[in-house]
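The structure file model09.csv is reproduced below (CSV, C-alpha atoms).
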```csv
chain,number,residue,atom,x,y,z
A,86,MET,CA,96.8,78.5,74.1
A,87,ALA,CA,99.8,79.7,72.3
A,88,PHE,CA,102.9,81.2,73.9
A,89,ILE,CA,103.3,84.6,72.3
A,90,TRP,CA,106.8,85.9,72.7
A,91,GLU,CA,105.8,89.4,72.2
A,92,ASN,CA,103.4,89.2,75.2
A,93,PHE,CA,106.3,87.8,77.2
A,94,VAL,CA,108.4,90.9,76.4
A,95,PHE,CA,105.5,93.3,76.9
A,96,ALA,CA,104.7,91.8,80.3
A,97,ILE,CA,108.4,92.2,81.5
A,98,LEU,CA,108.6,95.7,80.1
A,99,GLY,CA,105.2,96.6,81.6
A,100,PHE,CA,106.1,95.2,85.0
A,101,LEU,CA,109.4,97.0,85.1
A,102,ILE,CA,107.9,100.3,84.1
A,103,LEU,CA,105.2,99.9,86.7
A,104,TYR,CA,107.8,99.1,89.3
A,105,VAL,CA,109.9,102.2,88.6
A,106,LEU,CA,106.8,104.5,88.5
A,107,LEU,CA,105.3,103.1,91.7
A,108,GLN,CA,108.7,103.2,93.4
A,109,LYS,CA,109.2,106.8,92.5
A,110,TYR,CA,105.8,108.3,92.8
A,111,ALA,CA,104.0,106.1,95.4
A,112,PHE,CA,106.1,103.9,97.7
A,113,LYS,CA,109.0,106.1,98.3
A,114,PRO,CA,106.9,109.0,99.8
A,115,LEU,CA,104.7,106.5,101.6
A,116,LEU,CA,107.7,104.7,103.2
A,117,GLU,CA,109.3,108.1,104.1
A,118,VAL,CA,106.1,109.1,105.9
A,119,MET,CA,106.0,105.8,107.7
A,120,GLU,CA,109.6,106.2,108.7
A,121,LYS,CA,109.0,109.7,109.9
A,122,ARG,CA,106.0,108.6,112.0
A,123,ARG,CA,108.1,105.8,113.4
A,124,LEU,CA,110.7,108.4,114.5
A,125,LEU,CA,108.1,110.7,115.8
A,126,VAL,CA,106.5,108.0,118.0
A,127,LYS,CA,110.0,106.9,119.2
A,128,GLN,CA,110.9,110.4,120.0
A,129,GLN,CA,107.6,111.0,121.9
A,130,MET,CA,108.1,107.8,123.8
A,131,ASP,CA,111.6,108.8,124.7
A,132,ASP,CA,110.3,112.2,125.8
A,133,ALA,CA,107.7,110.5,127.9
A,134,ALA,CA,110.3,108.3,129.5
A,135,THR,CA,112.5,111.2,130.3
A,136,SER,CA,109.8,113.3,131.8
A,137,ARG,CA,108.7,110.3,133.8
A,138,THR,CA,112.2,109.9,135.2
A,139,GLN,CA,112.3,113.6,136.0
A,140,ALA,CA,109.0,113.4,137.7
A,141,GLN,CA,110.1,110.5,139.8
A,142,ALA,CA,113.3,112.3,140.8
A,143,TYR,CA,111.3,115.4,141.6
A,144,VAL,CA,108.9,113.4,143.8
A,145,GLU,CA,111.9,111.8,145.6
A,146,GLU,CA,113.4,115.2,146.2
A,147,GLN,CA,110.1,116.5,147.6
A,148,LYS,CA,109.7,113.5,149.9
A,149,GLU,CA,113.2,114.1,151.2
A,150,ALA,CA,112.6,117.8,151.7
A,151,LEU,CA,109.4,117.0,153.5
A,152,SER,CA,111.0,114.5,155.9
A,153,THR,CA,113.8,117.0,156.6
A,154,ALA,CA,111.3,119.7,157.4
A,155,ARG,CA,109.4,117.3,159.6
A,156,LYS,CA,112.6,116.3,161.5
A,157,GLU,CA,113.5,120.0,161.9
A,158,ALA,CA,110.1,120.8,163.2
A,159,TYR,CA,110.3,117.9,165.7
A,160,ASP,CA,113.8,119.1,166.8
A,161,ILE,CA,112.5,122.7,167.3
A,162,ILE,CA,109.6,121.4,169.4
A,163,GLU,CA,111.9,119.3,171.4
A,164,GLN,CA,114.3,122.2,172.0
A,165,ALA,CA,111.4,124.4,173.0
A,166,LYS,CA,110.2,121.8,175.5
A,167,GLN,CA,113.6,121.5,177.0
A,168,THR,CA,114.0,125.3,177.2
A,169,SER,CA,110.7,125.7,178.8
A,170,VAL,CA,111.4,123.0,181.4
A,171,ARG,CA,114.7,124.6,182.2
A,172,GLN,CA,113.2,128.1,182.4
A,173,ALA,CA,110.5,126.8,184.7
A,174,ASP,CA,113.1,125.2,186.9
A,175,GLU,CA,115.1,128.4,187.0
A,176,ILE,CA,112.0,130.4,187.9
A,177,ILE,CA,111.1,128.0,190.7
A,178,ASP,CA,114.7,128.0,192.0
A,179,LYS,CA,114.8,131.8,192.0
A,180,ALA,CA,111.4,131.9,193.8
A,181,LYS,CA,112.7,129.5,196.4
A,182,GLN,CA,115.9,131.4,196.9
A,183,GLU,CA,113.9,134.6,197.1
A,184,THR,CA,111.6,133.1,199.7
A,185,VAL,CA,114.5,131.9,201.8
A,186,ARG,CA,116.1,135.2,201.6
A,187,LEU,CA,112.9,137.0,202.6
A,188,LYS,CA,112.4,134.6,205.5
A,189,ASP,CA,116.0,135.1,206.7
A,190,GLU,CA,115.6,138.9,206.4
A,191,ALA,CA,112.4,138.8,208.4
A,192,ALA,CA,114.0,136.6,211.0
A,193,ARG,CA,117.0,138.9,211.3
A,194,ASP,CA,114.6,142.0,211.5
A,195,ILE,CA,112.7,140.3,214.3
A,196,GLU,CA,115.9,139.5,216.1
A,197,ASN,CA,117.1,143.0,215.8
A,198,GLU,CA,113.8,144.4,217.0
A,199,LYS,CA,113.8,142.0,219.9
A,200,ASN,CA,117.3,142.9,220.9
A,201,LYS,CA,116.5,146.6,220.6
A,202,ALA,CA,113.4,146.1,222.8
A,203,VAL,CA,115.4,144.1,225.3
A,204,ASP,CA,118.0,146.9,225.4
A,205,GLU,CA,115.4,149.6,225.8
A,206,LEU,CA,113.7,147.5,228.5
A,207,ARG,CA,117.0,147.0,230.3
A,208,GLN,CA,117.7,150.8,230.2
A,209,GLU,CA,114.2,151.5,231.4
A,210,VAL,CA,114.5,148.9,234.2
A,211,GLY,CA,117.9,150.5,235.2
A,212,SER,CA,116.5,154.0,235.3
A,213,LEU,CA,113.4,152.8,237.1
A,214,SER,CA,115.5,151.0,239.6
A,215,VAL,CA,117.5,154.1,240.1
A,216,ALA,CA,114.3,156.1,240.5
A,217,ILE,CA,112.9,153.6,243.0
A,218,ALA,CA,116.1,153.5,244.9
A,219,SER,CA,116.1,157.3,245.1
A,220,LYS,CA,112.5,157.3,246.2
A,221,LEU,CA,113.3,154.7,248.8
A,222,LEU,CA,116.1,156.8,250.0
A,223,LYS,CA,114.0,160.0,249.9
A,224,LYS,CA,111.4,158.8,252.3
A,225,GLN,CA,111.5,156.2,255.0
A,226,VAL,CA,108.8,153.9,254.0
A,227,ASP,CA,106.9,151.3,255.9
A,228,GLU,CA,105.7,148.1,254.8
A,229,LYS,CA,102.4,149.5,253.8
A,230,ASP,CA,103.9,152.3,252.0
A,231,GLN,CA,106.4,149.9,250.4
A,232,ALA,CA,103.6,147.8,249.1
A,233,GLN,CA,101.9,150.9,247.8
A,234,LEU,CA,105.1,151.9,246.3
A,235,VAL,CA,105.6,148.6,244.5
A,236,ASP,CA,102.1,148.8,243.2
A,237,GLU,CA,102.7,152.3,241.9
A,238,TYR,CA,105.8,151.2,240.4
A,239,LEU,CA,104.2,148.2,238.8
A,240,ASN,CA,101.4,150.4,237.5
A,241,GLU,CA,103.9,152.7,236.2
A,242,VAL,CA,105.6,149.9,234.4
A,243,GLY,CA,102.3,148.6,233.2
A,244,GLY,CA,101.3,152.1,232.1
A,245,LYS,CA,104.4,152.5,230.2
A,246,GLN,CA,103.9,149.3,228.3
B,266,MET,CA,86.7,78.7,70.6
B,267,HIS,CA,88.2,82.0,72.0
B,268,PHE,CA,91.0,83.6,70.1
B,269,ALA,CA,93.3,86.4,71.0
B,270,PRO,CA,93.0,89.4,68.8
B,271,ILE,CA,96.5,89.6,67.3
B,272,ILE,CA,97.6,92.0,64.6
B,273,GLN,CA,101.0,91.9,63.0
B,274,ILE,CA,103.0,95.1,62.4
B,275,TRP,CA,106.4,94.7,60.8
B,276,GLY,CA,106.3,91.0,61.6
B,277,ILE,CA,105.8,91.6,65.3
B,278,ASN,CA,102.7,90.1,66.9
B,279,PHE,CA,100.7,92.5,69.0
B,280,ASP,CA,98.1,90.7,71.1
B,281,LEU,CA,95.8,93.7,71.6
B,282,SER,CA,93.9,91.9,74.4
B,283,THR,CA,96.9,91.1,76.6
B,284,ILE,CA,98.6,94.5,75.9
B,285,GLY,CA,95.4,96.3,76.7
B,286,MET,CA,94.7,94.4,79.8
B,287,LEU,CA,98.3,94.9,81.0
B,288,LEU,CA,98.0,98.6,80.5
B,289,ILE,CA,94.6,98.7,82.3
B,290,SER,CA,95.8,96.8,85.3
B,291,GLY,CA,99.0,98.8,85.4
B,292,LEU,CA,97.0,102.0,85.2
B,293,ILE,CA,94.6,100.8,88.0
B,294,VAL,CA,97.5,99.9,90.3
B,295,PHE,CA,99.2,103.2,89.6
B,296,VAL,CA,96.1,105.3,90.1
B,297,LEU,CA,95.3,103.4,93.3
B,298,ALA,CA,98.7,103.9,94.7
B,299,ARG,CA,98.7,107.6,93.7
B,300,VAL,CA,95.4,108.2,95.3
B,301,ALA,CA,96.6,106.5,98.5
B,302,VAL,CA,99.7,108.8,98.7
B,303,ARG,CA,97.9,111.9,97.6
B,304,ASN,CA,97.7,113.6,101.0
B,305,LEU,CA,100.3,111.9,103.0
B,306,SER,CA,100.1,112.7,106.6
B,307,ILE,CA,102.1,111.5,109.6
B,308,ASP,CA,99.4,111.9,112.3
B,309,ASN,CA,96.2,112.0,110.3
B,310,PRO,CA,96.3,109.5,107.5
B,311,THR,CA,93.4,109.0,105.1
B,312,ARG,CA,91.6,105.7,104.7
B,313,MET,CA,93.5,104.9,101.5
B,314,GLN,CA,96.8,105.7,103.1
B,315,ASN,CA,95.9,103.5,106.0
B,316,PHE,CA,95.1,100.7,103.6
B,317,MET,CA,98.4,101.2,101.8
B,318,GLU,CA,100.3,101.3,105.1
B,319,TRP,CA,98.5,98.1,106.1
B,320,LEU,CA,99.7,96.5,102.9
B,321,VAL,CA,103.2,97.7,103.5
B,322,GLU,CA,103.2,96.2,106.9
B,323,PHE,CA,101.8,93.0,105.5
B,324,VAL,CA,104.6,92.9,103.0
B,325,GLN,CA,107.1,93.6,105.7
B,326,GLY,CA,105.7,90.6,107.5
B,327,ILE,CA,106.3,88.5,104.4
B,328,ILE,CA,109.9,89.8,104.0
B,329,GLY,CA,110.6,89.4,107.7
B,330,SER,CA,109.5,85.8,107.6
B,331,THR,CA,112.1,85.0,105.0
B,332,MET,CA,115.1,87.1,106.0
B,333,ASP,CA,116.4,89.7,108.4
B,334,LEU,CA,114.0,92.6,107.9
B,335,LYS,CA,116.8,95.2,108.0
B,336,LYS,CA,118.4,93.5,104.9
B,337,GLY,CA,115.1,93.2,103.2
B,338,LEU,CA,113.8,96.8,103.4
B,339,GLY,CA,114.8,97.4,99.8
B,340,TYR,CA,112.5,94.7,98.6
B,341,ILE,CA,109.3,96.4,100.0
B,342,SER,CA,108.6,98.2,96.7
B,343,LEU,CA,109.2,95.1,94.7
B,344,CYS,CA,106.9,93.1,96.8
B,345,MET,CA,104.2,95.8,96.9
B,346,THR,CA,104.3,96.1,93.1
B,347,LEU,CA,104.1,92.3,92.6
B,348,MET,CA,101.3,91.9,95.0
B,349,LEU,CA,99.2,94.8,93.8
B,350,PHE,CA,99.8,94.1,90.1
B,351,ILE,CA,99.1,90.4,90.3
B,352,PHE,CA,96.1,90.8,92.5
B,353,VAL,CA,94.5,93.5,90.3
B,354,SER,CA,95.4,91.4,87.2
B,355,ASN,CA,93.9,88.3,88.7
B,356,ILE,CA,90.5,89.9,89.5
B,357,LEU,CA,90.2,92.0,86.4
B,358,GLY,CA,88.7,89.0,84.5
B,359,LEU,CA,86.2,88.2,87.2
B,360,PRO,CA,83.3,90.7,86.7
B,361,PHE,CA,82.9,90.2,83.0
B,362,ALA,CA,84.5,89.3,79.7
B,363,ILE,CA,84.3,91.1,76.4
B,364,ILE,CA,83.9,88.7,73.5
B,365,THR,CA,83.2,89.7,69.9
B,366,GLU,CA,82.1,87.3,67.2
B,367,PRO,CA,83.1,88.7,63.8
B,368,HIS,CA,81.5,87.1,60.7
B,369,GLY,CA,84.1,87.9,58.3
B,370,PRO,CA,87.7,89.1,58.1
B,371,THR,CA,88.1,92.0,60.5
B,372,SER,CA,90.7,94.7,60.6
B,373,ILE,CA,91.7,97.1,63.4
B,374,PHE,CA,94.0,100.1,63.1
B,375,GLY,CA,94.3,99.1,59.4
B,376,TYR,CA,95.8,95.7,60.2
B,377,GLU,CA,93.9,92.4,59.8
B,378,ILE,CA,93.3,90.4,63.0
B,379,LEU,CA,95.2,87.1,62.4
B,380,ALA,CA,92.5,84.8,63.8
B,381,THR,CA,89.9,86.2,61.5
B,382,ASN,CA,91.6,85.9,58.2
B,383,GLN,CA,89.8,84.3,55.3
B,384,ALA,CA,91.6,81.0,55.7
B,385,ALA,CA,90.3,80.7,59.3
B,386,PHE,CA,86.7,81.3,58.1
B,387,ASP,CA,87.1,78.9,55.3
B,388,ALA,CA,88.2,76.2,57.7
B,389,LEU,CA,85.2,76.7,60.0
B,390,GLY,CA,82.7,73.9,60.0
B,391,GLU,CA,78.9,74.4,60.1
B,392,GLY,CA,77.6,76.1,63.2
B,393,GLU,CA,81.1,77.1,64.3
B,394,HIS,CA,82.1,80.7,65.2
B,395,ILE,CA,85.3,82.5,65.7
B,396,GLN,CA,85.2,84.5,69.0
B,397,LEU,CA,87.7,87.1,69.9
B,398,LEU,CA,88.4,87.5,73.7
B,399,TRP,CA,89.1,91.2,74.4
B,400,TRP,CA,88.7,91.5,78.2
B,401,LYS,CA,90.3,88.9,80.4
B,402,SER,CA,92.8,88.7,83.2
B,403,PRO,CA,96.3,89.5,81.8
B,404,THR,CA,97.6,86.8,84.1
B,405,ALA,CA,95.4,84.3,82.3
B,406,ASP,CA,98.1,84.5,79.5
B,407,ILE,CA,101.0,82.2,80.1
B,408,ALA,CA,103.4,84.5,78.4
B,409,VAL,CA,102.6,87.2,80.9
B,410,THR,CA,103.0,85.0,84.0
B,411,MET,CA,106.2,83.5,82.6
B,412,GLY,CA,107.4,87.1,81.9
B,413,LEU,CA,106.9,88.0,85.6
B,414,ALA,CA,108.5,84.7,86.7
B,415,THR,CA,111.5,85.5,84.4
B,416,VAL,CA,111.9,88.9,86.0
B,417,ILE,CA,112.1,87.2,89.4
B,418,PHE,CA,114.4,84.5,88.1
B,419,ILE,CA,116.9,87.0,86.7
B,420,LEU,CA,116.6,89.1,89.9
B,421,VAL,CA,117.2,86.1,92.2
B,422,ASN,CA,120.3,85.0,90.3
B,423,TYR,CA,121.6,88.5,90.1
B,424,LEU,CA,121.2,89.1,93.8
B,425,GLY,CA,122.7,85.7,94.6
B,426,LEU,CA,125.8,86.5,92.5
B,427,LYS,CA,126.1,90.1,93.8
B,428,HIS,CA,125.6,89.6,97.5
B,429,ASN,CA,126.6,86.0,98.1
B,430,ARG,CA,128.7,84.9,95.2
B,431,LYS,CA,130.8,82.3,96.9
B,432,HIS,CA,128.1,80.5,98.7
B,433,TYR,CA,125.6,80.9,95.9
B,434,LEU,CA,127.9,79.3,93.3
B,435,LYS,CA,129.0,76.7,95.9
B,436,HIS,CA,125.4,75.6,96.5
B,437,TYR,CA,125.3,74.2,92.9
B,438,ILE,CA,127.8,71.5,93.8
B,439,GLU,CA,126.5,70.6,97.2
B,440,PRO,CA,126.4,68.2,98.8
B,441,PHE,CA,128.5,66.6,96.0
B,442,PRO,CA,129.7,67.9,92.6
B,443,ILE,CA,127.6,65.2,90.9
B,444,PHE,CA,124.5,67.1,92.1
B,445,LEU,CA,125.3,69.9,89.7
B,446,PRO,CA,122.7,69.0,87.0
B,447,LEU,CA,120.1,68.4,89.7
B,448,ASN,CA,120.7,71.8,91.2
B,449,ILE,CA,120.6,73.5,87.8
B,450,VAL,CA,117.3,71.8,87.1
B,451,GLU,CA,116.0,72.8,90.5
B,452,ASN,CA,117.0,76.4,89.8
B,453,LEU,CA,115.3,76.4,86.4
B,454,ALA,CA,112.2,74.8,87.8
B,455,LYS,CA,111.5,77.7,90.2
B,456,PRO,CA,110.5,80.3,87.6
B,457,VAL,CA,108.6,77.7,85.6
B,458,ALA,CA,106.6,76.6,88.6
B,459,LEU,CA,106.0,80.3,89.6
B,460,GLY,CA,104.7,81.2,86.1
B,461,ILE,CA,102.6,78.1,85.5
B,462,ARG,CA,101.1,78.1,89.0
B,463,LEU,CA,99.8,81.6,88.5
B,464,PHE,CA,98.7,81.1,84.9
B,465,ALA,CA,96.9,77.8,85.6
B,466,ASN,CA,95.0,79.1,88.6
B,467,ILE,CA,93.7,82.2,86.9
B,468,PHE,CA,93.2,80.6,83.4
B,469,ALA,CA,91.3,77.6,84.9
B,470,GLY,CA,89.2,80.0,87.0
B,471,GLU,CA,88.2,81.9,83.8
B,472,VAL,CA,87.5,78.8,81.9
B,473,ILE,CA,85.2,77.6,84.6
B,474,LEU,CA,83.5,81.0,84.8
B,475,SER,CA,82.7,81.0,81.0
B,476,THR,CA,81.5,77.4,81.3
B,477,LEU,CA,79.2,78.3,84.2
B,478,ILE,CA,77.9,81.3,82.3
B,479,LYS,CA,76.9,79.0,79.4
B,480,ALA,CA,74.7,77.1,81.9
B,481,GLY,CA,72.4,80.1,81.9
B,482,ILE,CA,70.1,81.0,84.7
B,483,PHE,CA,70.7,77.8,86.5
B,484,GLY,CA,74.4,78.4,86.6
B,485,LEU,CA,73.9,81.9,88.2
B,486,PRO,CA,74.4,81.0,91.9
B,487,PHE,CA,77.4,78.8,90.9
B,488,THR,CA,78.8,81.7,88.9
B,489,ALA,CA,78.5,84.0,91.8
B,490,ALA,CA,80.0,81.5,94.2
B,491,TRP,CA,82.9,80.8,91.8
B,492,GLN,CA,83.5,84.5,91.3
B,493,GLY,CA,83.8,84.9,95.1
B,494,PHE,CA,86.2,81.9,95.2
B,495,SER,CA,88.2,83.3,92.3
B,496,LEU,CA,88.6,86.6,94.3
B,497,PHE,CA,90.1,84.5,97.1
B,498,VAL,CA,92.3,82.6,94.7
B,499,GLY,CA,93.4,85.8,93.0
B,500,GLY,CA,94.5,87.2,96.4
B,501,LEU,CA,96.1,83.9,97.4
B,502,GLN,CA,98.0,83.6,94.2
B,503,ALA,CA,99.3,87.2,94.5
B,504,PHE,CA,100.4,86.3,98.1
B,505,ILE,CA,102.1,83.1,97.0
B,506,PHE,CA,103.9,84.7,94.2
B,507,THR,CA,105.2,87.4,96.4
B,508,MET,CA,106.1,85.0,99.2
B,509,LEU,CA,108.0,82.6,96.9
B,510,THR,CA,109.8,85.5,95.4
B,511,MET,CA,111.1,86.6,98.8
B,512,VAL,CA,111.9,83.0,99.7
B,513,TYR,CA,114.0,82.6,96.5
B,514,ILE,CA,115.8,85.9,97.0
B,515,ALA,CA,116.5,85.0,100.6
B,516,GLN,CA,117.8,81.5,99.6
B,517,ALA,CA,120.1,82.9,97.0
B,518,SER,CA,121.4,86.1,98.6
B,519,ILE,CA,121.5,85.6,102.3
B,520,HIS,CA,124.0,83.2,103.7
B,521,GLU,CA,123.2,82.3,107.3
B,522,GLU,CA,126.2,81.6,109.5
B,523,HIS,CA,125.8,78.3,111.2
```

Full structure transcribed into structure tokens:
Amino acid sequence: MAFIWENFVFAILGFLILYVLLQKYAFKPLLEVMEKRRLLVKQQMDDAATSRTQAQAYVEEQKEALSTARKEAYDIIEQAKQTSVRQADEIIDKAKQETVRLKDEAARDIENEKNKAVDELRQEVGSLSVAIASKLLKKQVDEKDQAQLVDEYLNEVGGKQ
Amino acid sequence: MHFAPIIQIWGINFDLSTIGMLLISGLIVFVLARVAVRNLSIDNPTRMQNFMEWLVEFVQGIIGSTMDLKKGLGYISLCMTLMLFIFVSNILGLPFAIITEPHGPTSIFGYEILATNQAAFDALGEGEHIQLLWWKSPTADIAVTMGLATVIFILVNYLGLKHNRKHYLKHYIEPFPIFLPLNIVENLAKPVALGIRLFANIFAGEVILSTLIKAGIFGLPFTAAWQGFSLFVGGLQAFIFTMLTMVYIAQASIHEEH
């Protein structure tokens, strides 16, 4: 096996030419595409991370809004309950006052009516007494007559009533 | 005895077999690479593109194991070329060989093939033939493998001087100046070892193949097995050559701060 110097030179030249050709026409575009894909994947992963963060923030926001709304609703219900209790108390109070007032009025009316009746009776009794006295004076009456008279009188009073 | 078909033009020896095989294997590698990058696509790569990208990632793994990958990105093309070229060269001689057996002085392109001149035939004994080996692995020629190793040797020293001059020159006199001859020998031994390792593996493989073929029908299973093993050896040698190249480059051009 001889060492042929020309082969040595041809091998070096051949390898260098092949290297240059492959570098220019094959590996450079291939590596560019691989780099582009790497960037694409990186960008997509970044996008995914961003949208994930956004989604999380959004969910947090929604949760907060929901709890606020819940609290507000609770407050409103509480307020409504308090208002209704107060109104009911007011209504009951008013009704009581009204009752008391009506009762008082009724009592006062009764008193008035009674007084009026007593007054009328008094006047009646007065006038009757005068009439009886005048009748007694008009005729001399005996005991029998007197009894009759009283009966009459009483009947009269009873009839008037 | 197999001879190389060499013709002489203007006093320059042209080994038609080696030149032809270098051209063929270069052509195969180039066509393969071009087919792989024909319809480059980011999101829908073809099978060949996938294969080539797998190879690129494999090479990146080799580079990354010897140096910081960011510094080594420029060597991807070199490693890919080495790997593909050496692998294709190694396996070219496996499927068959083309041998001619001229019975008299033979000429090609008007030039006489040196091994078949009249003197050679005159010197032949009874029953002996002159055989010309046309198809073989180009890496089964020591001049070719030493050529590749020389390219690497020059590249390694150039990169060492360019990127890491102070430490590269200093390593020749480390740990003591008296080690200078030893370090020079070590440096020179690297390309020799690279070239001879590749040549010996492939050449020995082909010698064993041709021996097994001579065993005829009984040698057939062994031939097939040896071809399979040679395929493995071819890949392994391509890997070793590339790996060692990157190791040498990293040793020479990268100075690790301790």

>> Under the rule that all atoms listed in the file are counted, which of A:Glu117, A:Glu91, A:Asp178, A:Asp189 is the nearest residue to chain B?
In response: A:Glu91

>> Taking all atoms listed in the file into account, find every residue of chain A that has an atom no more than 10 Å from chain B, and write it out as a PyMOL selection string.
In response: chain A and resi 86-123+125-126

> Which one of B:Lys455, B:Lys479, B:Lys401, B:Lys427 sits closest to B:Gly358 if you count only C-alpha atoms?
Replying inline: B:Lys401

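Interatomic distance, atom CA of B:Ile272 against atom CA of B:Ile373: 7.9 Å.
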